[in-house]
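Asker: Have a peek at run_10.txt (compact mmCIF, C-alpha atoms and all ligand atoms).
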# COMPACT_ATOMS: atom_id res chain seq x y z
CA MET A 1 52.77 -2.31 10.29
CA LEU A 2 50.72 -3.80 13.10
CA ARG A 3 47.60 -3.46 10.99
CA PHE A 4 49.30 -5.26 8.14
CA THR A 5 50.16 -8.26 10.33
CA GLN A 6 46.57 -8.40 11.57
CA ILE A 7 45.19 -8.48 8.05
CA CYS A 8 47.56 -11.28 7.16
CA ILE A 9 46.13 -13.44 9.94
CA ILE A 10 42.73 -13.68 8.18
CA GLN A 11 42.41 -17.05 6.48
CA PRO A 12 41.99 -16.65 2.71
CA CYS A 13 39.01 -19.04 2.74
CA VAL A 14 36.88 -16.64 4.86
CA ILE A 15 37.48 -13.64 2.61
CA PRO A 16 34.59 -14.41 0.23
CA LYS A 17 32.27 -14.74 3.23
CA ILE A 18 33.37 -11.36 4.56
CA ILE A 19 32.86 -9.77 1.17
CA VAL A 20 29.34 -11.18 0.95
CA LEU A 21 28.55 -9.92 4.45
CA LEU A 22 29.92 -6.46 3.70
CA GLN A 23 27.93 -6.29 0.48
CA LYS A 24 24.78 -7.32 2.28
CA CYS A 25 25.15 -4.71 4.97
CA LYS A 26 26.41 -1.95 2.67
CA ASN A 27 24.45 1.29 2.84
CA MET A 28 22.17 -0.14 5.43
CA GLN A 29 21.08 2.47 7.90
CA GLN A 30 18.13 0.61 9.36
CA PRO A 31 17.76 -3.07 10.20
CA PHE A 32 14.12 -3.14 9.00
CA VAL A 33 11.65 -0.70 7.43
CA PHE A 34 7.97 -0.23 8.03
CA GLY A 35 5.47 2.55 7.44
CA VAL A 36 7.11 3.62 4.18
CA PRO A 37 7.22 1.78 0.87
CA ALA A 38 9.90 -0.89 0.97
CA ASP A 39 12.78 -0.76 -1.49
CA VAL A 40 16.16 -2.48 -1.83
CA PRO A 41 17.47 -3.99 0.42
CA TYR A 42 14.22 -4.25 2.34
CA PHE A 43 11.99 -5.39 -0.53
CA ILE A 44 11.67 -9.16 -0.82
CA GLY A 45 9.72 -11.72 -2.81
CA ARG A 46 6.84 -10.73 -5.11
CA GLU A 47 8.61 -12.21 -8.13
CA LYS A 48 5.43 -13.48 -9.75
CA GLU A 49 3.43 -10.32 -9.12
CA SER A 50 6.32 -8.12 -10.30
CA ALA A 51 6.64 -10.06 -13.55
CA ARG A 52 2.91 -9.92 -14.18
CA LEU A 53 2.64 -6.22 -13.43
CA GLU A 54 5.65 -5.49 -15.58
CA ALA A 55 4.09 -7.41 -18.48
CA ASN A 56 0.82 -5.51 -18.04
CA PHE A 57 2.71 -2.22 -18.11
CA ARG A 58 4.60 -3.31 -21.20
CA TYR A 59 1.56 -4.49 -23.13
CA GLY A 60 -0.81 -1.78 -21.96
CA VAL A 61 -3.11 -4.10 -19.99
CA ASN A 62 -5.11 -2.43 -17.24
CA THR A 63 -4.52 -3.82 -13.74
CA VAL A 64 -6.55 -3.63 -10.56
CA LEU A 65 -4.37 -4.40 -7.56
CA MET A 66 -6.00 -5.24 -4.25
CA SER A 67 -4.83 -6.22 -0.78
CA PRO A 68 -5.50 -5.17 2.78
CA ARG A 69 -3.51 -2.12 3.80
CA ARG A 70 0.23 -2.37 4.43
CA TRP A 71 0.73 -5.62 2.60
CA GLY A 72 2.90 -4.02 -0.05
CA LYS A 73 0.91 -2.57 -2.96
CA THR A 74 2.70 0.76 -3.10
CA SER A 75 6.10 -0.90 -2.67
CA LEU A 76 5.37 -3.30 -5.52
CA VAL A 77 4.10 -0.65 -7.92
CA ASN A 78 6.99 1.70 -7.10
CA ARG A 79 9.50 -1.00 -7.79
CA VAL A 80 7.98 -2.25 -11.03
CA ALA A 81 7.40 1.32 -12.21
CA ARG A 82 11.06 2.20 -11.74
CA GLY A 83 12.19 -0.77 -13.80
CA ALA A 84 9.62 -0.30 -16.56
CA SER A 85 10.00 3.47 -17.07
CA GLY A 86 11.91 4.67 -20.08
CA LYS A 87 11.77 6.79 -23.19
CA GLU A 88 9.09 4.69 -24.84
CA ARG A 89 7.02 4.25 -21.69
CA ILE A 90 6.41 6.76 -18.92
CA ILE A 91 4.89 5.57 -15.68
CA VAL A 92 2.98 8.22 -13.77
CA GLN A 93 2.16 7.59 -10.12
CA MET A 94 -0.33 9.44 -7.98
CA ASP A 95 -2.09 9.00 -4.66
CA ILE A 96 -5.66 10.23 -4.47
CA PHE A 97 -6.26 9.50 -0.80
CA ALA A 98 -6.87 13.18 -0.07
CA CYS A 99 -9.33 13.68 -2.95
CA ARG A 100 -12.89 14.20 -1.84
CA SER A 101 -14.62 15.10 -5.11
CA GLU A 102 -14.43 14.68 -8.86
CA TYR A 103 -12.61 17.96 -9.38
CA ASP A 104 -10.21 17.34 -6.50
CA PHE A 105 -9.33 14.24 -8.43
CA TYR A 106 -8.90 16.12 -11.73
CA ASN A 107 -6.44 18.52 -10.12
CA THR A 108 -4.33 15.74 -8.64
CA PHE A 109 -4.61 13.73 -11.85
CA SER A 110 -3.53 16.54 -14.19
CA SER A 111 -0.73 17.88 -12.06
CA ALA A 112 0.76 14.39 -11.57
CA ILE A 113 0.62 13.75 -15.31
CA LEU A 114 2.05 17.11 -16.30
CA LYS A 115 4.77 16.97 -13.72
CA GLN A 116 5.88 13.41 -14.37
CA THR A 117 5.80 13.44 -18.15
CA ALA A 118 8.07 16.44 -18.62
CA SER A 119 11.72 16.44 -17.73
CA LYS A 120 12.20 20.19 -18.03
CA ILE A 121 9.93 23.08 -17.15
CA ASP A 122 9.96 24.40 -20.74
CA GLU A 123 8.81 21.08 -22.02
CA TRP A 124 6.05 21.07 -19.43
CA LYS A 125 4.84 24.49 -20.53
CA ASP A 126 4.88 23.42 -24.13
CA LEU A 127 3.11 20.13 -23.57
CA ALA A 128 0.43 21.63 -21.43
CA LYS A 129 -0.03 24.79 -23.47
CA GLY A 130 -3.47 24.10 -24.83
CA PHE A 131 -4.54 22.72 -21.52
CA ILE A 132 -3.43 25.51 -19.27
CA GLU A 133 -4.30 28.49 -21.43
CA ARG A 134 -7.37 29.14 -19.35
CA LEU A 135 -5.57 28.70 -16.07
CA THR A 136 -3.08 30.58 -14.04
CA PRO A 137 -1.33 27.68 -12.40
CA LYS A 138 1.05 28.42 -9.61
CA ILE A 139 4.35 26.94 -10.62
CA SER A 140 7.24 27.23 -8.25
CA VAL A 141 10.61 26.34 -9.62
CA ALA A 142 13.51 25.56 -7.35
CA PRO A 143 16.64 27.63 -8.15
CA GLU A 144 18.96 24.85 -9.29
CA PRO A 145 18.51 23.49 -12.78
CA GLY A 146 16.98 20.05 -12.90
CA SER A 147 15.54 20.23 -9.42
CA GLU A 148 11.92 19.75 -8.39
CA TYR A 149 9.15 22.16 -9.19
CA SER A 150 5.64 22.07 -7.89
CA VAL A 151 2.44 22.70 -9.77
CA SER A 152 -0.87 23.73 -8.36
CA LEU A 153 -3.62 23.79 -10.98
CA GLY A 154 -6.91 25.52 -10.41
CA ILE A 155 -9.10 23.21 -12.46
CA THR A 156 -12.82 23.78 -11.88
CA PRO A 157 -15.99 22.92 -13.81
CA LYS A 158 -15.81 26.47 -15.22
CA THR A 159 -12.34 26.02 -16.70
CA HIS A 160 -12.41 22.41 -17.93
CA ALA A 161 -14.90 19.76 -18.90
CA PRO A 162 -14.19 16.33 -17.36
CA GLU A 163 -13.55 14.75 -20.78
CA GLU A 164 -10.85 17.30 -21.50
CA VAL A 165 -9.00 16.50 -18.29
CA LEU A 166 -9.41 12.77 -18.76
CA SER A 167 -8.08 12.82 -22.30
CA LEU A 168 -4.95 14.79 -21.34
CA PRO A 169 -2.75 11.67 -20.93
CA GLU A 170 -3.67 10.34 -24.38
CA LYS A 171 -2.80 13.70 -25.95
CA ILE A 172 0.53 13.82 -24.14
CA ALA A 173 1.32 10.24 -25.13
CA GLN A 174 0.62 11.04 -28.78
CA ARG A 175 2.63 14.25 -28.67
CA LYS A 176 5.62 12.58 -27.03
CA GLY A 177 5.31 9.44 -29.14
CA CYS A 178 5.29 7.13 -26.13
CA GLU A 179 3.00 5.00 -23.99
CA LEU A 180 1.75 6.13 -20.60
CA VAL A 181 0.88 3.97 -17.63
CA LEU A 182 -1.10 5.77 -14.94
CA CYS A 183 -0.85 4.24 -11.47
CA ILE A 184 -3.53 5.54 -9.14
CA ASP A 185 -3.15 4.65 -5.47
CA GLU A 186 -6.13 4.62 -3.05
CA PHE A 187 -8.46 4.47 -6.03
CA GLN A 188 -11.39 3.40 -3.83
CA GLN A 189 -11.79 7.10 -2.98
CA VAL A 190 -13.55 7.52 -6.33
CA GLY A 191 -16.35 5.34 -5.00
CA GLU A 192 -16.91 7.86 -2.19
CA PHE A 193 -17.18 11.01 -4.34
CA PRO A 194 -20.53 12.79 -4.51
CA ASP A 195 -22.48 11.45 -7.50
CA SER A 196 -19.90 8.71 -7.72
CA LEU A 197 -21.58 6.48 -10.28
CA ALA A 198 -21.75 9.28 -12.82
CA VAL A 199 -18.07 10.07 -12.20
CA GLN A 200 -17.11 6.42 -12.64
CA LYS A 201 -19.04 6.29 -15.93
CA ARG A 202 -17.22 9.35 -17.25
CA LEU A 203 -13.83 7.95 -16.27
CA ARG A 204 -14.45 4.55 -17.78
CA SER A 205 -15.93 5.80 -21.03
CA VAL A 206 -12.95 8.05 -21.77
CA TRP A 207 -10.29 5.66 -20.50
CA GLN A 208 -11.46 2.63 -22.41
CA ARG A 209 -11.09 4.46 -25.72
CA GLN A 210 -7.47 5.42 -25.11
CA LYS A 211 -4.87 3.67 -27.22
CA HIS A 212 -1.62 4.80 -25.66
CA VAL A 213 -2.58 4.92 -22.01
CA SER A 214 -3.17 2.07 -19.57
CA TYR A 215 -4.08 2.11 -15.91
CA CYS A 216 -3.01 0.42 -12.71
CA LEU A 217 -5.63 1.13 -10.07
CA TYR A 218 -5.01 0.01 -6.51
CA GLY A 219 -6.40 0.38 -3.05
CA SER A 220 -6.78 -1.16 0.37
CA ARG A 221 -10.37 -0.84 1.41
CA LEU A 222 -11.40 -4.19 0.09
CA HIS A 223 -15.16 -3.90 0.23
CA LEU A 224 -15.00 -0.59 -1.65
CA MET A 225 -12.55 -1.90 -4.24
CA THR A 226 -14.58 -5.05 -4.69
CA ARG A 227 -17.75 -3.04 -5.23
CA LEU A 228 -16.06 -0.80 -7.80
CA PHE A 229 -14.52 -3.58 -9.87
CA GLN A 230 -16.44 -6.76 -9.28
CA LYS A 231 -20.08 -5.72 -9.33
CA LYS A 232 -21.68 -6.12 -12.71
CA SER A 233 -23.80 -3.01 -12.37
CA TYR A 234 -20.76 -0.79 -11.77
CA PRO A 235 -18.98 1.04 -14.61
CA PHE A 236 -15.53 -0.35 -13.77
CA TYR A 237 -16.69 -3.97 -13.93
CA LYS A 238 -14.11 -5.94 -15.96
CA PHE A 239 -11.95 -2.88 -16.48
CA GLY A 240 -8.73 -4.77 -16.04
CA GLU A 241 -6.95 -7.80 -14.74
CA ILE A 242 -7.48 -8.23 -11.02
CA LEU A 243 -4.35 -8.98 -9.05
CA ASN A 244 -4.82 -9.94 -5.41
CA LEU A 245 -1.69 -9.50 -3.38
CA GLU A 246 -1.04 -12.56 -1.22
CA PRO A 247 1.02 -12.55 1.98
CA ILE A 248 4.78 -12.93 1.54
CA PRO A 249 5.47 -16.59 2.45
CA LEU A 250 7.56 -17.77 5.38
CA GLN A 251 10.25 -19.23 3.10
CA THR A 252 10.87 -15.73 1.76
CA TRP A 253 10.86 -14.05 5.17
CA ILE A 254 13.32 -16.54 6.73
CA PRO A 255 16.51 -15.68 4.79
CA TYR A 256 15.68 -11.97 4.83
CA ILE A 257 15.12 -11.71 8.59
CA GLN A 258 18.01 -14.03 9.41
CA GLY A 259 20.24 -12.02 7.08
CA ARG A 260 19.34 -8.76 8.81
CA PHE A 261 20.03 -10.21 12.24
CA GLU A 262 23.38 -11.48 10.96
CA CYS A 263 24.30 -8.01 9.74
CA PHE A 264 23.76 -6.71 13.23
CA GLY A 265 25.73 -9.48 14.89
CA LYS A 266 22.70 -11.43 16.16
CA HIS A 267 20.99 -14.71 15.41
CA ILE A 268 17.36 -15.72 15.06
CA SER A 269 16.20 -19.29 14.44
CA GLU A 270 13.69 -20.22 11.75
CA ASP A 271 11.18 -21.02 14.50
CA TYR A 272 11.24 -17.48 15.81
CA VAL A 273 10.91 -16.03 12.31
CA ALA A 274 7.80 -18.19 11.94
CA LYS A 275 6.57 -16.93 15.31
CA ILE A 276 6.99 -13.33 14.19
CA CYS A 277 5.01 -13.99 11.01
CA ASP A 278 2.25 -15.89 12.82
CA THR A 279 1.86 -13.28 15.55
CA VAL A 280 1.06 -10.56 13.02
CA GLN A 281 -0.66 -12.89 10.53
CA TYR A 282 1.94 -12.19 7.85
CA GLN A 283 0.98 -8.54 7.43
CA SER A 284 4.20 -7.31 5.79
CA SER A 285 4.55 -4.06 7.66
CA TYR A 286 4.02 -5.61 11.08
CA VAL A 287 6.42 -8.45 10.26
CA GLN A 288 9.15 -5.88 9.69
CA GLN A 289 8.13 -3.87 12.75
CA LEU A 290 8.04 -6.86 15.09
CA ALA A 291 11.32 -8.19 13.67
CA TYR A 292 12.85 -4.81 14.50
CA SER A 293 11.65 -4.96 18.10
CA VAL A 294 12.89 -8.54 18.45
CA LEU A 295 16.29 -7.49 17.14
CA LEU A 296 16.56 -4.57 19.54
CA LEU A 297 15.42 -6.51 22.57
CA SER A 298 17.54 -9.62 22.05
CA GLU A 299 21.11 -10.20 23.07
CA LYS A 300 23.05 -12.42 20.67
CA GLU A 301 20.32 -15.03 20.26
CA VAL A 302 16.52 -14.62 20.23
CA ASP A 303 14.75 -16.52 23.01
CA ASP A 304 11.26 -16.68 24.52
CA THR A 305 11.93 -13.80 26.90
CA SER A 306 13.15 -11.41 24.23
CA PHE A 307 10.39 -12.47 21.87
CA GLU A 308 7.67 -11.82 24.46
CA ARG A 309 9.18 -8.47 25.32
CA ALA A 310 9.14 -7.55 21.64
CA VAL A 311 5.43 -8.38 21.33
CA GLU A 312 4.74 -6.20 24.39
CA ASP A 313 6.80 -3.47 22.77
CA LEU A 314 4.79 -3.68 19.54
CA LEU A 315 1.53 -3.43 21.49
CA ALA A 316 2.84 -0.50 23.50
CA GLN A 317 3.88 1.34 20.33
CA ASN A 318 0.38 1.03 18.95
CA ASN A 319 -1.44 1.67 22.22
CA THR A 320 -2.32 5.31 21.61
CA VAL A 321 -3.61 4.67 18.10
CA PHE A 322 -5.72 1.73 19.24
CA ILE A 323 -7.18 3.68 22.16
CA GLU A 324 -8.12 6.44 19.74
CA GLN A 325 -9.73 3.95 17.35
CA THR A 326 -11.81 2.28 20.03
CA GLN A 327 -12.47 4.72 22.85
CA SER A 328 -15.74 6.05 21.48
CA LEU A 329 -17.19 2.63 20.65
CA THR A 330 -20.49 1.73 22.31
CA THR A 331 -20.90 -1.47 24.29
CA TYR A 332 -22.77 -3.03 21.36
CA GLN A 333 -19.96 -2.13 18.97
CA LEU A 334 -17.34 -3.62 21.30
CA ASN A 335 -19.45 -6.74 21.64
CA PHE A 336 -19.68 -6.97 17.88
CA LEU A 337 -15.88 -6.73 17.60
CA LYS A 338 -15.57 -9.51 20.14
CA ALA A 339 -17.78 -11.73 17.99
CA VAL A 340 -15.65 -10.99 14.91
CA MET A 341 -12.50 -11.67 16.94
CA ASP A 342 -13.89 -15.01 18.02
CA GLY A 343 -14.06 -15.97 14.37
CA ILE A 344 -17.75 -15.39 13.73
CA THR A 345 -17.77 -14.12 10.17
CA SER A 346 -21.51 -13.90 9.43
CA GLY A 347 -24.97 -14.59 10.85
CA TYR A 348 -24.81 -11.89 13.53
CA GLY A 349 -28.55 -11.44 13.32
CA GLU A 350 -29.26 -14.99 14.46
CA ALA A 351 -30.74 -15.23 17.93
CA ASP A 352 -28.00 -17.33 19.52
CA VAL A 353 -25.19 -15.04 18.27
CA ARG A 354 -27.08 -11.89 19.26
CA GLU A 355 -27.76 -13.26 22.70
CA SER A 356 -24.38 -14.72 23.51
CA TYR A 357 -22.60 -11.52 22.44
CA ASN A 358 -25.32 -9.09 23.54
CA LEU A 359 -25.67 -7.35 20.18
CA GLY A 360 -29.14 -5.87 20.72
CA SER A 361 -32.14 -6.25 18.46
CA PRO A 362 -31.94 -7.66 14.91
CA SER A 363 -32.50 -4.17 13.51
CA ASN A 364 -29.32 -3.09 15.30
CA ILE A 365 -27.12 -5.48 13.36
CA THR A 366 -26.99 -3.72 9.98
CA ARG A 367 -26.10 -0.47 11.69
CA LEU A 368 -23.44 -2.16 13.80
CA LYS A 369 -21.85 -3.78 10.75
CA GLN A 370 -21.80 -0.54 8.80
CA SER A 371 -20.28 1.43 11.65
CA MET A 372 -17.46 -1.12 11.99
CA ILE A 373 -16.77 -0.98 8.25
CA ASP A 374 -16.85 2.81 8.17
CA ARG A 375 -14.33 2.97 10.98
CA GLU A 376 -12.18 0.47 9.06
CA LEU A 377 -12.08 -1.84 12.07
CA VAL A 378 -13.36 -4.82 10.10
CA ASP A 379 -12.94 -5.93 6.51
CA ILE A 380 -15.29 -7.95 4.39
CA THR A 381 -13.41 -10.76 2.74
CA THR A 382 -14.51 -13.85 0.85
CA GLU A 383 -14.69 -15.60 4.23
CA GLY A 384 -16.95 -12.90 5.64
CA MET A 385 -16.15 -10.29 8.29
CA VAL A 386 -12.70 -10.27 9.79
CA LEU A 387 -10.71 -7.91 11.94
CA GLY A 388 -8.44 -6.01 9.57
CA ASP A 389 -5.53 -5.31 11.90
CA PRO A 390 -3.82 -8.34 13.48
CA VAL A 391 -2.11 -6.29 16.18
CA LEU A 392 -5.36 -4.57 17.09
CA LYS A 393 -6.75 -8.07 17.48
CA LEU A 394 -4.02 -8.97 19.98
CA TRP A 395 -4.56 -5.71 21.80
CA LEU A 396 -8.34 -6.14 21.96
CA LYS A 397 -7.94 -9.68 23.29
CA ARG A 398 -6.16 -8.22 26.27
CA VAL A 399 -8.55 -5.33 26.74
CA LEU A 400 -11.77 -7.24 26.22
CA GLY A 401 -10.51 -10.47 27.76
N1 LIG A 501 7.96 -6.78 -0.86
C1 LIG A 501 8.13 -6.44 0.42
N2 LIG A 501 9.16 -6.94 1.14
C2 LIG A 501 9.33 -6.65 2.42
N3 LIG A 501 8.52 -5.83 3.12
C3 LIG A 501 7.48 -5.29 2.49
C4 LIG A 501 7.23 -5.56 1.10
N4 LIG A 501 6.13 -4.88 0.74
C5 LIG A 501 5.73 -4.21 1.84
N5 LIG A 501 6.52 -4.44 2.89
C6 LIG A 501 6.35 -3.91 4.26
O1 LIG A 501 5.05 -3.38 4.37
C7 LIG A 501 5.09 -1.95 4.60
C8 LIG A 501 3.96 -1.28 3.87
O2 LIG A 501 4.13 -1.41 2.46
P1 LIG A 501 3.25 -0.58 1.43
O3 LIG A 501 3.79 -0.88 0.10
O4 LIG A 501 3.18 0.85 1.84
O5 LIG A 501 1.81 -1.27 1.64
P2 LIG A 501 0.40 -0.86 1.04
O6 LIG A 501 0.60 0.07 -0.10
O7 LIG A 501 -0.24 -2.15 0.66
O8 LIG A 501 -0.35 -0.20 2.19
C9 LIG A 501 6.49 -1.54 4.19
O9 LIG A 501 6.91 -0.42 4.94
C10 LIG A 501 7.31 -2.77 4.55
O10 LIG A 501 7.57 -2.78 5.94
MG MG A 502 -0.15 2.06 -0.22
Rewrite the coordinates I just gave you, this time as structure tokens.
Ligand SMILES: Nc1ncnc2c1ncn2[C@@H]1O[C@H](COP(=O)(O)OP(=O)(O)O)[C@@H](O)[C@H]1O
Ligand SMILES: [Mg+2]

Answerer:
Amino acid sequence: MLRFTQICIIQPCVIPKIIVLLQKCKNMQQPFVFGVPADVPYFIGREKESARLEANFRYGVNTVLMSPRRWGKTSLVNRVARGASGKERIIVQMDIFACRSEYDFYNTFSSAILKQTASKIDEWKDLAKGFIERLTPKISVAPEPGSEYSVSLGITPKTHAPEEVLSLPEKIAQRKGCELVLCIDEFQQVGEFPDSLAVQKRLRSVWQRQKHVSYCLYGSRLHLMTRLFQKKSYPFYKFGEILNLEPIPLQTWIPYIQGRFECFGKHISEDYVAKICDTVQYQSSYVQQLAYSVLLLSEKEVDDTSFERAVEDLLAQNNTVFIEQTQSLTTYQLNFLKAVMDGITSGYGEADVRESYNLGSPSNITRLKQSMIDRELVDITTEGMVLGDPVLKLWLKRVLG
């Protein structure tokens, strides 16, 4: 009875607002996500890129998707793939980060295709019959019908020629009477395989002849991706449409971050949302991570004190990783990083730069550059060399002064 009277006190005009708030916060376990691909309700923006990617999937146009790491490639592809998958089009996704050689790749490639194009184990066996006759794949099937099964294929140069593996998706597409879109994450790994150019040639020559299969190739290591797809002498030159993922703009972050704070009974002004984005240079993952720290460390309203504490918190969370990344650097390498941090993007071999940053002899410079790239501490962009990780930059500023 008491409860009834309380409900009656609510003004009818606020009911729609409450409903909206409840809908917004429904099923929300976490205020923000980072470190894993973002999905509803944490996925925002990317309308233009989603529409383009979806059209490419639909019309079988190959796409090459590039951005620095943790800007949102995997999240975008996952989301578009889910919407575009159906009976007439199957989207296969794989991550080849762990592949170190051509045949490593073929195993990952085939098992992803076989697994994701068949809905039932019997269908899988049937589809792959010709392909697996020479193999004894380990297939483990979970007890309940319809649940996951895992496939481990032992493809080697003795069992399969590369062309046979590479033409598997076209055969499956024909047999099933559908189109396939193969999304290959961390594709830059192919550029690191032994005898990589020959491998790239084989891939391209088979793939470009396929009529029912298209490809979405994406990766983070920009200089490697650029070399693979934008150098005329490389086999994948002009393989597909190049899509560069831009940062999510402030106007998209504002309602999202304010909405999250609202759900948790707190408030953040537009200025502080902008401060979050600027501090981490709009890198999507760090925006979400810093917003999370700000939320936790603020009372009802975000202020300078809680914001500063949140930045400290973000640095502290990354401390161990950054120490690991930098502890074995030589003095020259640290000096080089300092030059990059100060905004020097090229011309490290010039006498005044070498002297003011103590970079050693001119012959040292090429080696220094390469070592920084190999360790993924710097990226080569159209503007030249930049520090890839904005939070590492903040951290280094403190450490190096
Ligand atoms: N569209 C998006 N909206 C909001 N946050 C995003 C979006 N895309 C990515 N993020 C943030 O970035 C993180 C990394 O995304 P991910 O897709 O794994 O990046 P990438 O594949 O480029 O390394 C996610 O955990 C999330 O915090
Ligand atoms: Mg990714």

Asker: Could you give me, as JSON lines, a per-residue list for chain A showing, wherever an atom lies at most 6 Å from an atom of ligand LIG 501 (chain A), the closest pair of atoms and their distance in Å to one decimal, using only C-alpha atoms and all ligand atoms and sorting by chain then residue number from low to high?

Answerer:
{"residue": "A:Val33", "atom": "CA", "partner": "A:LIG501", "partner_atom": "O10", "distance": 4.8}
{"residue": "A:Phe34", "atom": "CA", "partner": "A:LIG501", "partner_atom": "O9", "distance": 3.3}
{"residue": "A:Gly35", "atom": "CA", "partner": "A:LIG501", "partner_atom": "O9", "distance": 4.1}
{"residue": "A:Val36", "atom": "CA", "partner": "A:LIG501", "partner_atom": "O9", "distance": 4.1}
{"residue": "A:Pro37", "atom": "CA", "partner": "A:LIG501", "partner_atom": "O4", "distance": 4.3}
{"residue": "A:Ala38", "atom": "CA", "partner": "A:LIG501", "partner_atom": "C9", "distance": 4.7}
{"residue": "A:Tyr42", "atom": "CA", "partner": "A:LIG501", "partner_atom": "C2", "distance": 5.4}
{"residue": "A:Phe43", "atom": "CA", "partner": "A:LIG501", "partner_atom": "N2", "distance": 3.6}
{"residue": "A:Ile44", "atom": "CA", "partner": "A:LIG501", "partner_atom": "N2", "distance": 3.9}
{"residue": "A:Gly45", "atom": "CA", "partner": "A:LIG501", "partner_atom": "N1", "distance": 5.6}
{"residue": "A:Arg46", "atom": "CA", "partner": "A:LIG501", "partner_atom": "N1", "distance": 5.9}
{"residue": "A:Arg69", "atom": "CA", "partner": "A:LIG501", "partner_atom": "O8", "distance": 4.0}
{"residue": "A:Arg70", "atom": "CA", "partner": "A:LIG501", "partner_atom": "O8", "distance": 3.2}
{"residue": "A:Trp71", "atom": "CA", "partner": "A:LIG501", "partner_atom": "O7", "distance": 4.1}
{"residue": "A:Gly72", "atom": "CA", "partner": "A:LIG501", "partner_atom": "O3", "distance": 3.3}
{"residue": "A:Lys73", "atom": "CA", "partner": "A:LIG501", "partner_atom": "O7", "distance": 3.8}
{"residue": "A:Thr74", "atom": "CA", "partner": "A:LIG501", "partner_atom": "O6", "distance": 3.7}
{"residue": "A:Ser75", "atom": "CA", "partner": "A:LIG501", "partner_atom": "O3", "distance": 3.6}
{"residue": "A:Ser284", "atom": "CA", "partner": "A:LIG501", "partner_atom": "O1", "distance": 4.3}
{"residue": "A:Ser285", "atom": "CA", "partner": "A:LIG501", "partner_atom": "O1", "distance": 3.4}
{"residue": "A:Gln288", "atom": "CA", "partner": "A:LIG501", "partner_atom": "O10", "distance": 5.1}

Asker: For the atom pair atom CA of Ile268 of chain A and atom CA of Gln317 of chain A, what is the interatomic distance in Å to one decimal place?

Answerer: 22.4 Å

Asker: To one decimal place, how far is atom CA of Tyr357 of chain A from atom CA of Asn318 of chain A in Å?

Answerer: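 Computing the Euclidean distance for atom CA of Tyr357 of chain A and atom CA of Asn318 of chain A yields 26.4 Å.
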
Asker: How far is it from atom CA of Tyr332 of chain A to atom CA of Asn364 of chain A, in Å with one decimal?

Answerer: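 So the two atoms, atom CA of Tyr332 of chain A and atom CA of Asn364 of chain A, lie 8.9 Å apart.
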
Asker: Which is closer to Phe307 of chain A than all the others in A:Tyr282, A:Tyr272, A:Trp395, A:Tyr218, using all atoms listed in the file?

Answerer: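 Residue with the minimum atom-to-atom distance to Phe307 of chain A: A:Tyr272.
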
Asker: Once you count all atoms listed in the file, which residues end up no further than 10 Å from (1.0, 4.5, -16.8) in the file's frame, shown as a list in words?

Answerer: Phe57, Arg58, Gly60, Asn62, Ala81, Ala84, Ser85, Arg89, Ile90, Ile91, Val92, Gln93, Ile113, Pro169, Glu179, Leu180, Val181, Leu182, Cys183, Ile184, His212, Val213, Ser214, Tyr215 and Cys216 of chain A

Asker: Report as a count of residues only all protein, DNA and RNA residues lying within 10 Å of segment 373-385 of chain A, evaluated on only C-alpha atoms, omitting residues in the same chain fewer than 6 positions from it.

Answerer: 21

Asker: For ligand MG 502 (chain A), which residue among A:Glu102, A:Glu163, A:Asp185, A:Glu88 is the nearest when counting all atoms listed in the file?

Answerer: A:Asp185
